[in-house]
file query16.cif (mmCIF, C-alpha atoms and all ligand atoms)
data_work
#
loop_
_atom_site.label_atom_id
_atom_site.label_comp_id
_atom_site.auth_asym_id
_atom_site.auth_seq_id
_atom_site.Cartn_x
_atom_site.Cartn_y
_atom_site.Cartn_z
CA MET A 1 0.36 67.24 -16.15
CA GLU A 2 0.52 70.96 -16.88
CA THR A 3 1.18 72.44 -20.33
CA HIS A 4 0.25 75.69 -22.09
CA LEU A 5 -2.93 73.91 -23.14
CA THR A 6 -4.11 72.94 -19.65
CA LYS A 7 -3.48 76.53 -18.51
CA LEU A 8 -5.39 77.96 -21.46
CA LEU A 9 -8.36 75.62 -21.13
CA GLY A 10 -8.39 75.08 -17.37
CA CYS A 11 -8.38 71.26 -17.58
CA ARG A 12 -6.20 68.79 -15.65
CA TYR A 13 -4.70 66.91 -18.60
CA PRO A 14 -3.57 68.08 -22.06
CA VAL A 15 -6.12 65.91 -23.84
CA ILE A 16 -8.97 67.27 -25.97
CA GLN A 17 -12.04 65.30 -27.04
CA THR A 18 -12.82 66.82 -30.40
CA ALA A 19 -16.23 67.63 -31.83
CA MET A 20 -17.80 64.87 -33.93
CA GLY A 21 -21.22 65.38 -35.46
CA TRP A 22 -23.82 63.05 -33.84
CA VAL A 23 -21.15 61.70 -31.49
CA ALA A 24 -19.81 64.45 -29.21
CA ASP A 25 -23.02 65.04 -27.24
CA ALA A 26 -23.45 66.46 -23.74
CA GLY A 27 -22.89 63.00 -22.17
CA LEU A 28 -19.55 62.42 -23.87
CA VAL A 29 -18.36 65.98 -23.20
CA SER A 30 -19.23 65.90 -19.51
CA ALA A 31 -17.62 62.44 -19.07
CA THR A 32 -14.41 63.78 -20.68
CA CYS A 33 -14.32 66.93 -18.56
CA LYS A 34 -15.01 65.01 -15.35
CA ALA A 35 -12.09 62.70 -16.20
CA GLY A 36 -9.71 65.68 -16.53
CA GLY A 37 -9.78 66.20 -20.33
CA PHE A 38 -11.45 68.96 -22.31
CA GLY A 39 -14.52 68.12 -24.41
CA PHE A 40 -16.12 69.99 -27.31
CA LEU A 41 -19.86 69.72 -27.94
CA ALA A 42 -20.57 69.01 -31.64
CA GLY A 43 -22.76 72.03 -32.36
CA ALA A 44 -22.30 71.94 -36.15
CA VAL A 45 -25.21 69.55 -36.58
CA MET A 46 -27.47 71.22 -34.00
CA THR A 47 -29.94 74.09 -33.98
CA PRO A 48 -28.95 76.98 -31.70
CA GLU A 49 -31.64 75.79 -29.24
CA GLU A 50 -30.08 72.32 -29.14
CA VAL A 51 -26.65 73.84 -28.55
CA GLU A 52 -28.05 75.77 -25.57
CA GLN A 53 -29.74 72.63 -24.21
CA GLY A 54 -26.45 70.74 -24.57
CA ILE A 55 -24.58 73.47 -22.69
CA LEU A 56 -27.12 73.39 -19.86
CA GLN A 57 -26.91 69.58 -19.69
CA ILE A 58 -23.11 69.67 -19.44
CA LYS A 59 -23.27 72.39 -16.78
CA SER A 60 -25.68 70.33 -14.70
CA ALA A 61 -23.34 67.30 -14.91
CA THR A 62 -20.01 68.99 -14.17
CA ASP A 63 -18.48 72.28 -13.08
CA GLN A 64 -15.42 71.64 -15.25
CA PRO A 65 -14.78 73.89 -18.28
CA PHE A 66 -15.79 72.70 -21.77
CA GLY A 67 -16.14 73.98 -25.33
CA VAL A 68 -18.56 74.20 -28.27
CA ASN A 69 -17.81 73.50 -31.94
CA PHE A 70 -19.75 75.08 -34.81
CA HIS A 71 -19.31 76.33 -38.37
CA MET A 72 -19.05 80.12 -38.62
CA TYR A 73 -20.61 80.09 -42.10
CA THR A 74 -23.96 78.49 -41.16
CA PRO A 75 -27.14 80.60 -40.74
CA GLY A 76 -27.37 79.93 -36.97
CA ALA A 77 -23.73 80.84 -36.24
CA GLY A 78 -24.47 84.33 -34.85
CA GLU A 79 -27.00 82.92 -32.42
CA ILE A 80 -24.62 80.15 -31.30
CA ILE A 81 -21.92 82.76 -30.65
CA ASP A 82 -24.35 84.73 -28.46
CA ILE A 83 -25.31 81.55 -26.59
CA CYS A 84 -21.64 80.68 -25.95
CA ILE A 85 -21.04 84.19 -24.63
CA ARG A 86 -24.18 84.16 -22.47
CA HIS A 87 -23.18 80.84 -20.90
CA GLN A 88 -19.49 81.77 -20.71
CA VAL A 89 -18.23 78.53 -22.26
CA ARG A 90 -14.47 78.30 -21.93
CA ALA A 91 -13.61 77.73 -25.61
CA VAL A 92 -15.00 77.40 -29.12
CA SER A 93 -13.63 75.39 -32.03
CA TYR A 94 -14.33 75.80 -35.74
CA SER A 95 -12.67 74.94 -39.03
CA ARG A 96 -13.68 76.07 -42.53
CA SER A 97 -14.29 79.77 -43.33
CA PRO A 98 -13.77 81.47 -39.97
CA ASP A 99 -14.36 85.22 -39.90
CA ALA A 100 -12.31 87.76 -37.99
CA ALA A 101 -15.36 89.65 -36.62
CA SER A 102 -16.81 86.51 -34.98
CA VAL A 103 -13.41 85.56 -33.55
CA ALA A 104 -12.95 89.10 -32.18
CA LYS A 105 -16.43 89.08 -30.58
CA LEU A 106 -15.76 85.74 -28.87
CA LYS A 107 -12.33 86.82 -27.66
CA ALA A 108 -13.68 90.10 -26.31
CA ALA A 109 -16.04 87.97 -24.20
CA GLY A 110 -13.07 86.00 -22.82
CA ILE A 111 -13.72 82.84 -24.85
CA VAL A 112 -10.69 80.88 -26.09
CA CYS A 113 -10.73 80.42 -29.88
CA ILE A 114 -9.10 77.17 -30.96
CA PRO A 115 -9.78 76.16 -34.58
CA THR A 116 -8.77 72.90 -36.26
CA VAL A 117 -6.56 73.13 -39.33
CA GLY A 118 -5.12 70.52 -41.67
CA ALA A 119 -2.36 72.46 -43.43
CA LEU A 120 0.45 74.85 -42.51
CA LYS A 121 -0.97 77.79 -44.49
CA HIS A 122 -4.37 77.37 -42.79
CA ALA A 123 -2.67 77.36 -39.38
CA VAL A 124 -0.91 80.65 -40.15
CA LYS A 125 -4.16 82.18 -41.44
CA ALA A 126 -6.12 80.97 -38.38
CA VAL A 127 -3.70 82.77 -36.05
CA ALA A 128 -3.83 85.91 -38.22
CA LEU A 129 -7.61 85.81 -37.74
CA GLY A 130 -7.13 85.78 -33.97
CA ALA A 131 -6.90 82.12 -32.83
CA ASP A 132 -5.47 81.65 -29.31
CA ALA A 133 -4.24 78.13 -30.13
CA VAL A 134 -4.71 75.67 -33.00
CA VAL A 135 -5.47 71.99 -33.29
CA VAL A 136 -3.46 70.69 -36.23
CA GLN A 137 -4.79 67.51 -37.80
CA GLY A 138 -2.52 65.19 -39.76
CA GLY A 139 -3.87 63.27 -42.75
CA GLU A 140 -4.38 60.10 -40.71
CA GLY A 141 -7.15 61.85 -38.76
CA GLY A 142 -10.88 61.17 -39.17
CA GLY A 143 -13.44 63.30 -41.00
CA HIS A 144 -12.25 66.17 -43.21
CA THR A 145 -8.52 65.87 -43.30
CA GLY A 146 -5.33 67.14 -44.92
CA LYS A 147 -2.64 65.47 -46.99
CA VAL A 148 0.35 65.57 -44.64
CA ALA A 149 0.95 63.09 -41.80
CA SER A 150 0.99 64.34 -38.18
CA THR A 151 4.70 63.57 -37.68
CA ILE A 152 5.62 65.98 -40.50
CA LEU A 153 2.90 68.61 -40.26
CA LEU A 154 3.02 69.12 -36.49
CA PRO A 155 6.66 70.28 -36.15
CA GLN A 156 6.22 72.52 -39.22
CA VAL A 157 3.23 74.24 -37.61
CA VAL A 158 4.94 74.44 -34.20
CA ALA A 159 7.93 76.16 -35.82
CA ALA A 160 5.72 78.66 -37.65
CA LEU A 161 3.43 79.75 -34.80
CA ASP A 162 3.76 81.50 -31.44
CA VAL A 163 0.56 80.04 -29.96
CA PRO A 164 0.06 76.58 -28.39
CA VAL A 165 -0.37 73.83 -30.99
CA VAL A 166 -2.38 70.69 -30.26
CA ALA A 167 -1.71 67.49 -32.22
CA ALA A 168 -4.62 65.60 -33.78
CA GLY A 169 -4.81 62.67 -36.16
CA GLY A 170 -3.68 59.19 -35.17
CA PHE A 171 -3.59 59.44 -31.35
CA LYS A 172 -5.04 56.95 -28.88
CA ASP A 173 -2.74 56.49 -25.88
CA GLY A 174 -0.02 57.77 -23.54
CA ARG A 175 2.81 56.90 -25.92
CA GLY A 176 1.18 59.09 -28.55
CA LEU A 177 0.79 61.93 -26.06
CA VAL A 178 4.52 61.83 -25.21
CA ALA A 179 5.43 61.64 -28.92
CA ALA A 180 3.27 64.71 -29.62
CA LEU A 181 4.87 66.63 -26.72
CA ALA A 182 8.30 65.64 -28.10
CA LEU A 183 7.33 67.11 -31.48
CA GLY A 184 6.47 70.40 -29.81
CA ALA A 185 2.72 70.06 -29.20
CA ALA A 186 1.04 71.33 -26.03
CA GLY A 187 -1.26 68.29 -25.96
CA ILE A 188 -3.31 65.93 -28.11
CA ALA A 189 -6.83 66.03 -29.54
CA MET A 190 -8.64 62.79 -30.35
CA GLY A 191 -11.87 62.01 -32.17
CA THR A 192 -11.98 58.32 -33.12
CA ARG A 193 -10.62 57.16 -29.73
CA PHE A 194 -13.43 58.99 -27.89
CA LEU A 195 -16.02 57.70 -30.37
CA LEU A 196 -14.99 54.20 -29.27
CA THR A 197 -15.79 54.58 -25.56
CA GLN A 198 -18.69 53.50 -23.37
CA GLU A 199 -20.08 57.02 -23.08
CA SER A 200 -20.13 57.74 -26.81
CA PRO A 201 -23.81 57.65 -27.92
CA VAL A 202 -23.07 55.73 -31.16
CA PRO A 203 -25.08 52.48 -31.36
CA LEU A 204 -23.12 49.34 -30.40
CA THR A 205 -23.53 47.78 -33.88
CA THR A 206 -21.73 50.77 -35.42
CA LYS A 207 -19.01 50.77 -32.74
CA GLN A 208 -18.42 47.06 -33.41
CA TYR A 209 -18.09 47.80 -37.13
CA TYR A 210 -15.35 50.34 -36.32
CA LEU A 211 -13.57 47.83 -34.06
CA SER A 212 -13.56 45.16 -36.77
CA THR A 213 -12.26 47.49 -39.50
CA ALA A 214 -8.70 47.04 -40.78
CA THR A 215 -6.47 50.12 -41.07
CA GLU A 216 -6.27 49.75 -44.87
CA GLN A 217 -10.08 49.98 -45.10
CA ILE A 218 -10.04 53.55 -43.73
CA ILE A 219 -9.60 55.67 -46.83
CA VAL A 220 -9.78 59.28 -47.99
CA SER A 221 -12.53 60.15 -50.49
CA THR A 222 -13.73 63.46 -51.95
CA LYS A 223 -16.96 61.91 -53.17
CA LEU A 224 -19.18 63.12 -50.37
CA ASP A 225 -18.73 66.87 -50.49
CA GLY A 226 -15.70 67.49 -52.70
CA ILE A 227 -13.39 67.91 -49.72
CA PRO A 228 -11.02 65.06 -48.77
CA GLN A 229 -12.61 63.13 -45.95
CA ARG A 230 -11.30 60.04 -44.16
CA MET A 231 -13.95 57.35 -43.73
CA ILE A 232 -14.46 53.62 -43.55
CA GLN A 233 -14.83 52.14 -47.01
CA ASN A 234 -18.09 50.30 -46.34
CA GLN A 235 -20.72 49.19 -48.86
CA TYR A 236 -22.44 52.59 -48.81
CA LEU A 237 -19.28 54.51 -49.68
CA LYS A 238 -18.56 52.05 -52.49
CA THR A 239 -22.06 52.76 -53.93
CA LEU A 240 -21.50 56.53 -53.70
CA GLU A 241 -18.15 56.19 -55.46
CA GLY A 242 -20.07 54.84 -58.46
CA LYS A 243 -22.45 57.85 -58.68
CA SER A 244 -22.11 60.60 -61.28
CA THR A 245 -21.51 64.27 -60.31
CA PHE A 246 -25.10 65.02 -61.32
CA GLY A 247 -26.37 62.18 -59.11
CA MET A 248 -24.35 63.57 -56.18
CA LEU A 249 -25.74 67.09 -56.74
CA LEU A 250 -29.33 65.76 -56.71
CA LEU A 251 -28.52 64.03 -53.44
CA ALA A 252 -27.05 67.32 -52.16
CA ILE A 253 -30.32 69.17 -52.82
CA LYS A 254 -32.28 66.53 -50.92
CA ASN A 255 -29.76 66.52 -48.07
CA GLY A 256 -29.53 70.34 -48.16
CA LEU A 257 -33.26 70.58 -47.44
CA ALA A 258 -32.99 68.12 -44.56
CA PHE A 259 -29.84 69.82 -43.19
CA SER A 260 -31.34 73.31 -43.26
CA GLN A 261 -34.35 72.02 -41.30
CA LEU A 262 -32.00 70.36 -38.85
CA THR A 263 -29.88 73.45 -38.21
CA GLY A 264 -32.86 75.81 -38.08
CA GLY A 265 -32.32 77.74 -41.34
CA SER A 266 -34.10 77.87 -44.72
CA LEU A 267 -32.76 76.30 -47.92
CA PHE A 268 -32.20 79.86 -49.19
CA SER A 269 -30.04 80.80 -46.19
CA MET A 270 -28.19 77.50 -46.62
CA LEU A 271 -27.42 78.33 -50.27
CA ARG A 272 -26.41 81.87 -49.30
CA SER A 273 -23.95 80.57 -46.73
CA ALA A 274 -22.69 77.98 -49.26
CA TRP A 275 -21.99 80.91 -51.58
CA ALA A 276 -20.24 82.85 -48.79
CA MET A 277 -18.19 79.77 -47.94
CA LYS A 278 -17.22 79.34 -51.57
CA GLY A 279 -15.99 82.95 -51.62
CA SER A 280 -13.42 82.25 -48.92
CA SER A 281 -12.28 78.81 -50.07
CA ASP A 282 -10.90 77.02 -53.10
CA LEU A 283 -14.10 75.04 -53.63
CA SER A 284 -16.52 75.08 -56.56
CA LEU A 285 -20.17 76.00 -55.94
CA GLY A 286 -21.10 72.35 -56.59
CA GLN A 287 -18.67 71.25 -53.90
CA THR A 288 -19.94 73.76 -51.34
CA MET A 289 -23.55 72.77 -52.10
CA MET A 290 -22.58 69.20 -51.39
CA ALA A 291 -21.38 70.21 -47.92
CA ALA A 292 -24.81 69.19 -46.63
CA ASN A 293 -24.30 65.63 -47.83
CA ALA A 294 -21.84 64.60 -45.18
CA PRO A 295 -23.83 65.30 -41.99
CA MET A 296 -27.03 63.76 -43.35
CA MET A 297 -25.38 60.55 -44.54
CA ILE A 298 -23.42 60.20 -41.32
CA GLN A 299 -26.68 60.18 -39.35
CA HIS A 300 -27.72 56.74 -40.71
CA SER A 301 -24.73 54.98 -39.22
CA MET A 302 -24.02 57.16 -36.18
CA VAL A 303 -27.57 57.63 -34.90
CA ASP A 304 -29.66 54.86 -36.44
CA GLY A 305 -27.00 52.14 -36.12
CA HIS A 306 -27.13 51.03 -39.80
CA ALA A 307 -23.38 50.69 -40.19
CA ASP A 308 -23.49 49.64 -43.82
CA GLN A 309 -26.09 52.23 -44.92
CA GLY A 310 -24.35 55.42 -43.93
CA ILE A 311 -21.04 57.21 -43.91
CA MET A 312 -18.62 56.45 -41.09
CA PRO A 313 -15.92 59.12 -40.71
CA SER A 314 -12.93 57.55 -39.02
CA GLY A 315 -9.29 58.11 -38.28
CA GLN A 316 -6.86 55.40 -39.39
CA ILE A 317 -6.30 54.81 -35.70
CA ALA A 318 -9.59 52.83 -35.57
CA GLY A 319 -7.61 49.99 -37.17
CA ALA A 320 -5.41 49.92 -34.05
CA ILE A 321 -8.23 50.11 -31.47
CA ASP A 322 -9.86 46.96 -30.13
CA ASP A 323 -11.67 48.00 -26.96
CA LEU A 324 -14.48 50.23 -25.67
CA PRO A 325 -13.25 51.61 -22.33
CA SER A 326 -15.11 54.10 -20.17
CA VAL A 327 -13.82 57.65 -20.67
CA GLU A 328 -12.48 57.63 -17.11
CA ASN A 329 -10.46 54.44 -17.69
CA LEU A 330 -9.23 55.75 -21.04
CA MET A 331 -8.00 59.02 -19.55
CA GLY A 332 -6.46 57.19 -16.57
CA SER A 333 -4.53 54.83 -18.85
CA ILE A 334 -3.30 57.67 -21.11
CA ILE A 335 -1.95 59.65 -18.17
CA ARG A 336 -0.46 56.58 -16.46
CA GLU A 337 1.21 55.36 -19.64
CA SER A 338 2.58 58.78 -20.55
CA GLY A 339 4.17 59.02 -17.07
CA GLU A 340 5.74 55.57 -17.50
CA VAL A 341 7.11 56.44 -20.94
CA ILE A 342 8.60 59.74 -19.71
CA THR A 343 10.28 57.90 -16.79
CA LYS A 344 11.63 55.24 -19.14
CA LEU A 345 12.97 57.85 -21.55
CA ALA A 346 14.70 59.72 -18.71
CA LYS A 347 16.29 56.42 -17.64
CA VAL A 348 17.49 55.68 -21.17
CA ASN A 349 19.12 59.08 -21.18
CA SER A 350 20.82 58.82 -17.78
CA GLU A 351 21.83 55.14 -17.83
CA ASN A 352 22.38 54.74 -21.55
CA LEU A 353 19.93 51.81 -21.66
CA GLU A 354 18.18 50.64 -24.76
CA LEU A 355 14.46 51.20 -25.15
CA ASP A 356 12.48 47.98 -25.36
C1 LIG A 401 -17.24 60.35 -36.63
C2 LIG A 401 -16.49 61.63 -36.78
C3 LIG A 401 -17.21 62.83 -36.91
C4 LIG A 401 -16.55 64.04 -37.02
N1 LIG A 401 -17.29 65.19 -37.07
C5 LIG A 401 -16.65 66.40 -37.02
C6 LIG A 401 -17.41 67.61 -36.92
O1 LIG A 401 -18.64 67.60 -36.89
N2 LIG A 401 -16.72 68.78 -36.87
C7 LIG A 401 -15.35 68.82 -36.87
O2 LIG A 401 -14.77 69.91 -36.81
N3 LIG A 401 -14.61 67.68 -36.96
C8 LIG A 401 -15.23 66.48 -37.01
N4 LIG A 401 -14.48 65.31 -37.05
C9 LIG A 401 -13.00 65.39 -36.92
C10 LIG A 401 -12.61 65.23 -35.44
O3 LIG A 401 -13.13 66.29 -34.68
C11 LIG A 401 -11.09 65.16 -35.21
O4 LIG A 401 -10.48 66.32 -35.71
C12 LIG A 401 -10.45 63.91 -35.78
O5 LIG A 401 -11.25 62.78 -35.51
C13 LIG A 401 -9.05 63.69 -35.20
O6 LIG A 401 -8.42 62.54 -35.73
P1 LIG A 401 -8.50 61.07 -35.03
O7 LIG A 401 -9.81 60.51 -35.46
O8 LIG A 401 -7.33 60.33 -35.59
O9 LIG A 401 -8.44 61.25 -33.54
C14 LIG A 401 -15.13 64.08 -37.01
C15 LIG A 401 -14.41 62.87 -36.89
C16 LIG A 401 -15.07 61.67 -36.76
C17 LIG A 401 -14.26 60.39 -36.60
#

call {"tool": "encode", "arguments": {"input": "query16.cif", "output": "structure tokens"}}
result
Amino acid sequence: METHLTKLLGCRYPVIQTAMGWVADAGLVSATCKAGGFGFLAGAVMTPEEVEQGILQIKSATDQPFGVNFHMYTPGAGEIIDICIRHQVRAVSYSRSPDAASVAKLKAAGIVCIPTVGALKHAVKAVALGADAVVVQGGEGGGHTGKVASTILLPQVVAALDVPVVAAGGFKDGRGLVAALALGAAGIAMGTRFLLTQESPVPLTTKQYYLSTATEQIIVSTKLDGIPQRMIQNQYLKTLEGKSTFGMLLLAIKNGLAFSQLTGGSLFSMLRSAWAMKGSSDLSLGQTMMAANAPMMIQHSMVDGHADQGIMPSGQIAGAIDDLPSVENLMGSIIRESGEVITKLAKVNSENLELD
């Protein structure tokens, strides 16, 4: 299945496994790339050394192309860019506060720049800053997310841009892939669906919690870091919802210290980049300081397996998923089903049959 996306990324199928902190590790990325998709390593919660180790691990597992995700505003960003260039990764992804100089440096080294955006105006700005393609995430998507549903946002972005647009938010199967192509996308990008696979490193207890969650329980909250984020409304989130702004800021300082150790910077450099990030966004300083909250609280559920004691970012699609396939089986079924749907649609057209 060839689209502008497969040509740009050098993968067999127009399916991206997105970056998810603590989830999209070298194992998940290499499984995705071997199965014909395109995986992004979640570098935003890693030190530059860990990113390099991850790249080497993926390269030893597969010769297929892959990508790295990171935040351009963090202290280690420059080093991660150099590592991506040195190892000639095929693509990078990023979201908040991209800067034109970093994008230009990556592009000059032949690396595809493909940011994720959640609103039309951010998509236009991302391309003005040099993006080669964009992943556009509808509000049903997991993690930080926008307000507009994929079915409305995607065609708006497709109409506004001249670069390939990839649909994210609410996808899990071949029918979704065909629907996204029909709306003008060059492929789909999925987070939650890849989280719920055999190769995802998330502990089984946490995966089972996702599988047993009803769609209505997957809500958007700004409590964590001031930015709308879609998560499972578990006991921990309910407790956070009851905390005062001051209580959340205290938590942010504690988590900021832990996060700066984790990503190899000092608390001072963390605050400096929070300030820089504030300068290029609509957020208050308090909100940007709280940006460290999310990754630290996610760790409890995603790494330690305490599903009720941490944050669980999730797309609404988790409510419609009830299995844990291997990545190879998942990719196989998506491609098979999309072929069947396309054949059926062609038949409806030529024989005037009704779709069942
Ligand atoms: C557990 C989890 C962690 C995530 N972490 C990140 C991250 O670190 N960086 C990022 O850019 N997006 C992150 N996201 C967003 C995903 O990359 C992706 O855009 C989103 O999951 C797509 O929507 P879907 O879940 O409906 O497939 C995360 C999503 C989930 C579910």

call {"tool": "atom_distance", "arguments": {"input": "query16.cif", "atom1": "atom CA of Val148 of chain A", "atom2": "atom CA of Val341 of chain A"}}
result
26.3 Å

call {"tool": "closest_residue", "arguments": {"input": "query16.cif", "among": "A:Val45, A:Ile311, A:Val15, A:Met296", "to": "Ala185 of chain A", "atoms": "all atoms listed in the file"}}
result
A:Val15

call {"tool": "atom_distance", "arguments": {"input": "query16.cif", "atom1": "atom CA of Ser244 of chain A", "atom2": "atom O3 of ligand LIG 401 (chain A)"}}
result
28.6 Å

call {"tool": "closest_atom_pairs", "arguments": {"input": "query16.cif", "of": "chain A", "to": "ligand LIG 401 (chain A)", "cutoff": "7 Å", "atoms": "all atoms listed in the file", "output": "Markdown table"}}
result
| residue | atom | partner | partner_atom | distance |
| --- | --- | --- | --- | --- |
| A:Thr18 | CA | A:LIG401 | O3 | 4.3 |
| A:Ala19 | CA | A:LIG401 | O3 | 4.4 |
| A:Met20 | CA | A:LIG401 | N1 | 3.2 |
| A:Gly21 | CA | A:LIG401 | O1 | 3.7 |
| A:Val23 | CA | A:LIG401 | C1 | 6.6 |
| A:Ala42 | CA | A:LIG401 | O1 | 5.8 |
| A:Ala44 | CA | A:LIG401 | O1 | 5.7 |
| A:Val45 | CA | A:LIG401 | O1 | 6.9 |
| A:Asn69 | CA | A:LIG401 | O2 | 6.8 |
| A:Tyr94 | CA | A:LIG401 | O2 | 6.0 |
| A:Ser95 | CA | A:LIG401 | O2 | 5.9 |
| A:Thr116 | CA | A:LIG401 | O2 | 6.7 |
| A:Gln137 | CA | A:LIG401 | O4 | 6.2 |
| A:Glu140 | CA | A:LIG401 | O8 | 5.9 |
| A:Gly141 | CA | A:LIG401 | O6 | 3.4 |
| A:Gly142 | CA | A:LIG401 | O7 | 3.9 |
| A:Gly143 | CA | A:LIG401 | C15 | 4.2 |
| A:His144 | CA | A:LIG401 | C9 | 6.4 |
| A:Ala168 | CA | A:LIG401 | C13 | 5.0 |
| A:Gly169 | CA | A:LIG401 | O8 | 3.5 |
| A:Gly170 | CA | A:LIG401 | O8 | 3.8 |
| A:Phe171 | CA | A:LIG401 | O9 | 5.6 |
| A:Ala189 | CA | A:LIG401 | O9 | 6.4 |
| A:Met190 | CA | A:LIG401 | O9 | 3.5 |
| A:Gly191 | CA | A:LIG401 | O5 | 3.5 |
| A:Thr192 | CA | A:LIG401 | O7 | 3.9 |
| A:Arg193 | CA | A:LIG401 | O9 | 6.0 |
| A:Leu195 | CA | A:LIG401 | C1 | 6.9 |
| A:Met312 | CA | A:LIG401 | C1 | 6.1 |
| A:Pro313 | CA | A:LIG401 | C1 | 4.5 |
| A:Ser314 | CA | A:LIG401 | C17 | 4.0 |
| A:Gly315 | CA | A:LIG401 | O7 | 3.7 |
| A:Gln316 | CA | A:LIG401 | O8 | 6.2 |
| A:Ile317 | CA | A:LIG401 | O8 | 5.6 |

call {"tool": "atom_distance", "arguments": {"input": "query16.cif", "atom1": "atom CA of Ile114 of chain A", "atom2": "atom CA of Ala77 of chain A"}}
result
16.0 Å

call {"tool": "residues_around", "arguments": {"input": "query16.cif", "residues": "Ile55 of chain A", "least_positions_apart": "2", "cutoff": "12 Å", "atoms": "only C-alpha atoms", "output": "PDB file with C-alpha atoms, in the frame of the given file"}}
result
ATOM      1  CA  ASP A  25     -23.020  65.040 -27.240  1.00  0.00           C
ATOM      2  CA  ALA A  26     -23.450  66.460 -23.740  1.00  0.00           C
ATOM      3  CA  GLY A  27     -22.890  63.000 -22.170  1.00  0.00           C
ATOM      4  CA  VAL A  29     -18.360  65.980 -23.200  1.00  0.00           C
ATOM      5  CA  SER A  30     -19.230  65.900 -19.510  1.00  0.00           C
ATOM      6  CA  GLY A  39     -14.520  68.120 -24.410  1.00  0.00           C
ATOM      7  CA  PHE A  40     -16.120  69.990 -27.310  1.00  0.00           C
ATOM      8  CA  LEU A  41     -19.860  69.720 -27.940  1.00  0.00           C
ATOM      9  CA  ALA A  42     -20.570  69.010 -31.640  1.00  0.00           C
ATOM     10  CA  GLY A  43     -22.760  72.030 -32.360  1.00  0.00           C
ATOM     11  CA  MET A  46     -27.470  71.220 -34.000  1.00  0.00           C
ATOM     12  CA  PRO A  48     -28.950  76.980 -31.700  1.00  0.00           C
ATOM     13  CA  GLU A  49     -31.640  75.790 -29.240  1.00  0.00           C
ATOM     14  CA  GLU A  50     -30.080  72.320 -29.140  1.00  0.00           C
ATOM     15  CA  VAL A  51     -26.650  73.840 -28.550  1.00  0.00           C
ATOM     16  CA  GLU A  52     -28.050  75.770 -25.570  1.00  0.00           C
ATOM     17  CA  GLN A  53     -29.740  72.630 -24.210  1.00  0.00           C
ATOM     18  CA  GLN A  57     -26.910  69.580 -19.690  1.00  0.00           C
ATOM     19  CA  ILE A  58     -23.110  69.670 -19.440  1.00  0.00           C
ATOM     20  CA  LYS A  59     -23.270  72.390 -16.780  1.00  0.00           C
ATOM     21  CA  SER A  60     -25.680  70.330 -14.700  1.00  0.00           C
ATOM     22  CA  ALA A  61     -23.340  67.300 -14.910  1.00  0.00           C
ATOM     23  CA  THR A  62     -20.010  68.990 -14.170  1.00  0.00           C
ATOM     24  CA  ASP A  63     -18.480  72.280 -13.080  1.00  0.00           C
ATOM     25  CA  GLN A  64     -15.420  71.640 -15.250  1.00  0.00           C
ATOM     26  CA  PRO A  65     -14.780  73.890 -18.280  1.00  0.00           C
ATOM     27  CA  PHE A  66     -15.790  72.700 -21.770  1.00  0.00           C
ATOM     28  CA  GLY A  67     -16.140  73.980 -25.330  1.00  0.00           C
ATOM     29  CA  VAL A  68     -18.560  74.200 -28.270  1.00  0.00           C
ATOM     30  CA  ASN A  69     -17.810  73.500 -31.940  1.00  0.00           C
ATOM     31  CA  ILE A  80     -24.620  80.150 -31.300  1.00  0.00           C
ATOM     32  CA  ILE A  83     -25.310  81.550 -26.590  1.00  0.00           C
ATOM     33  CA  CYS A  84     -21.640  80.680 -25.950  1.00  0.00           C
ATOM     34  CA  ILE A  85     -21.040  84.190 -24.630  1.00  0.00           C
ATOM     35  CA  ARG A  86     -24.180  84.160 -22.470  1.00  0.00           C
ATOM     36  CA  HIS A  87     -23.180  80.840 -20.900  1.00  0.00           C
ATOM     37  CA  GLN A  88     -19.490  81.770 -20.710  1.00  0.00           C
ATOM     38  CA  VAL A  89     -18.230  78.530 -22.260  1.00  0.00           C
ATOM     39  CA  ARG A  90     -14.470  78.300 -21.930  1.00  0.00           C
TER      40      ARG A  90
END

call {"tool": "residues_around", "arguments": {"input": "query16.cif", "residues": "segment 96-106 of chain A", "least_positions_apart": "2", "cutoff": "6 Å", "atoms": "all atoms listed in the file", "output": "MDAnalysis selection string"}}
result
chainID A and resid 72 108:109 111 129

call {"tool": "write_last_selection", "arguments": {"input": "query16.cif", "atoms": "C-alpha atoms", "output": "compact mmCIF listing (two decimals), keeping the file's coordinate frame"}}
result
# COMPACT_ATOMS: atom_id res chain seq x y z
CA MET A 72 -19.05 80.12 -38.62
CA ALA A 108 -13.68 90.10 -26.31
CA ALA A 109 -16.04 87.97 -24.20
CA ILE A 111 -13.72 82.84 -24.85
CA LEU A 129 -7.61 85.81 -37.74

call {"tool": "residues_around", "arguments": {"input": "query16.cif", "residues": "Phe194 of chain A", "least_positions_apart": "5", "cutoff": "8 Å", "atoms": "all atoms listed in the file", "output": "PDB file with C-alpha atoms, in the coordinates of the input"}}
result
ATOM      1  CA  GLN A  17     -12.040  65.300 -27.040  1.00  0.00           C
ATOM      2  CA  SER A 200     -20.130  57.740 -26.810  1.00  0.00           C
ATOM      3  CA  VAL A 327     -13.820  57.650 -20.670  1.00  0.00           C
TER       4      VAL A 327
END

call {"tool": "closest_residue", "arguments": {"input": "query16.cif", "among": "A:Gln208, A:Gln299, A:Thr74, A:Ser333", "to": "Ala35 of chain A", "atoms": "all atoms listed in the file"}}
result
A:Ser333

call {"tool": "axis_aligned_box", "arguments": {"input": "query16.cif", "around": "segment 336-352 of chain A", "padding_each_side": "5 Å", "output": "JSON"}}
result
{"center_x": 11.0, "center_y": 57.2, "center_z": -19.0, "size_x": 32.8, "size_y": 15.0, "size_z": 15.1}
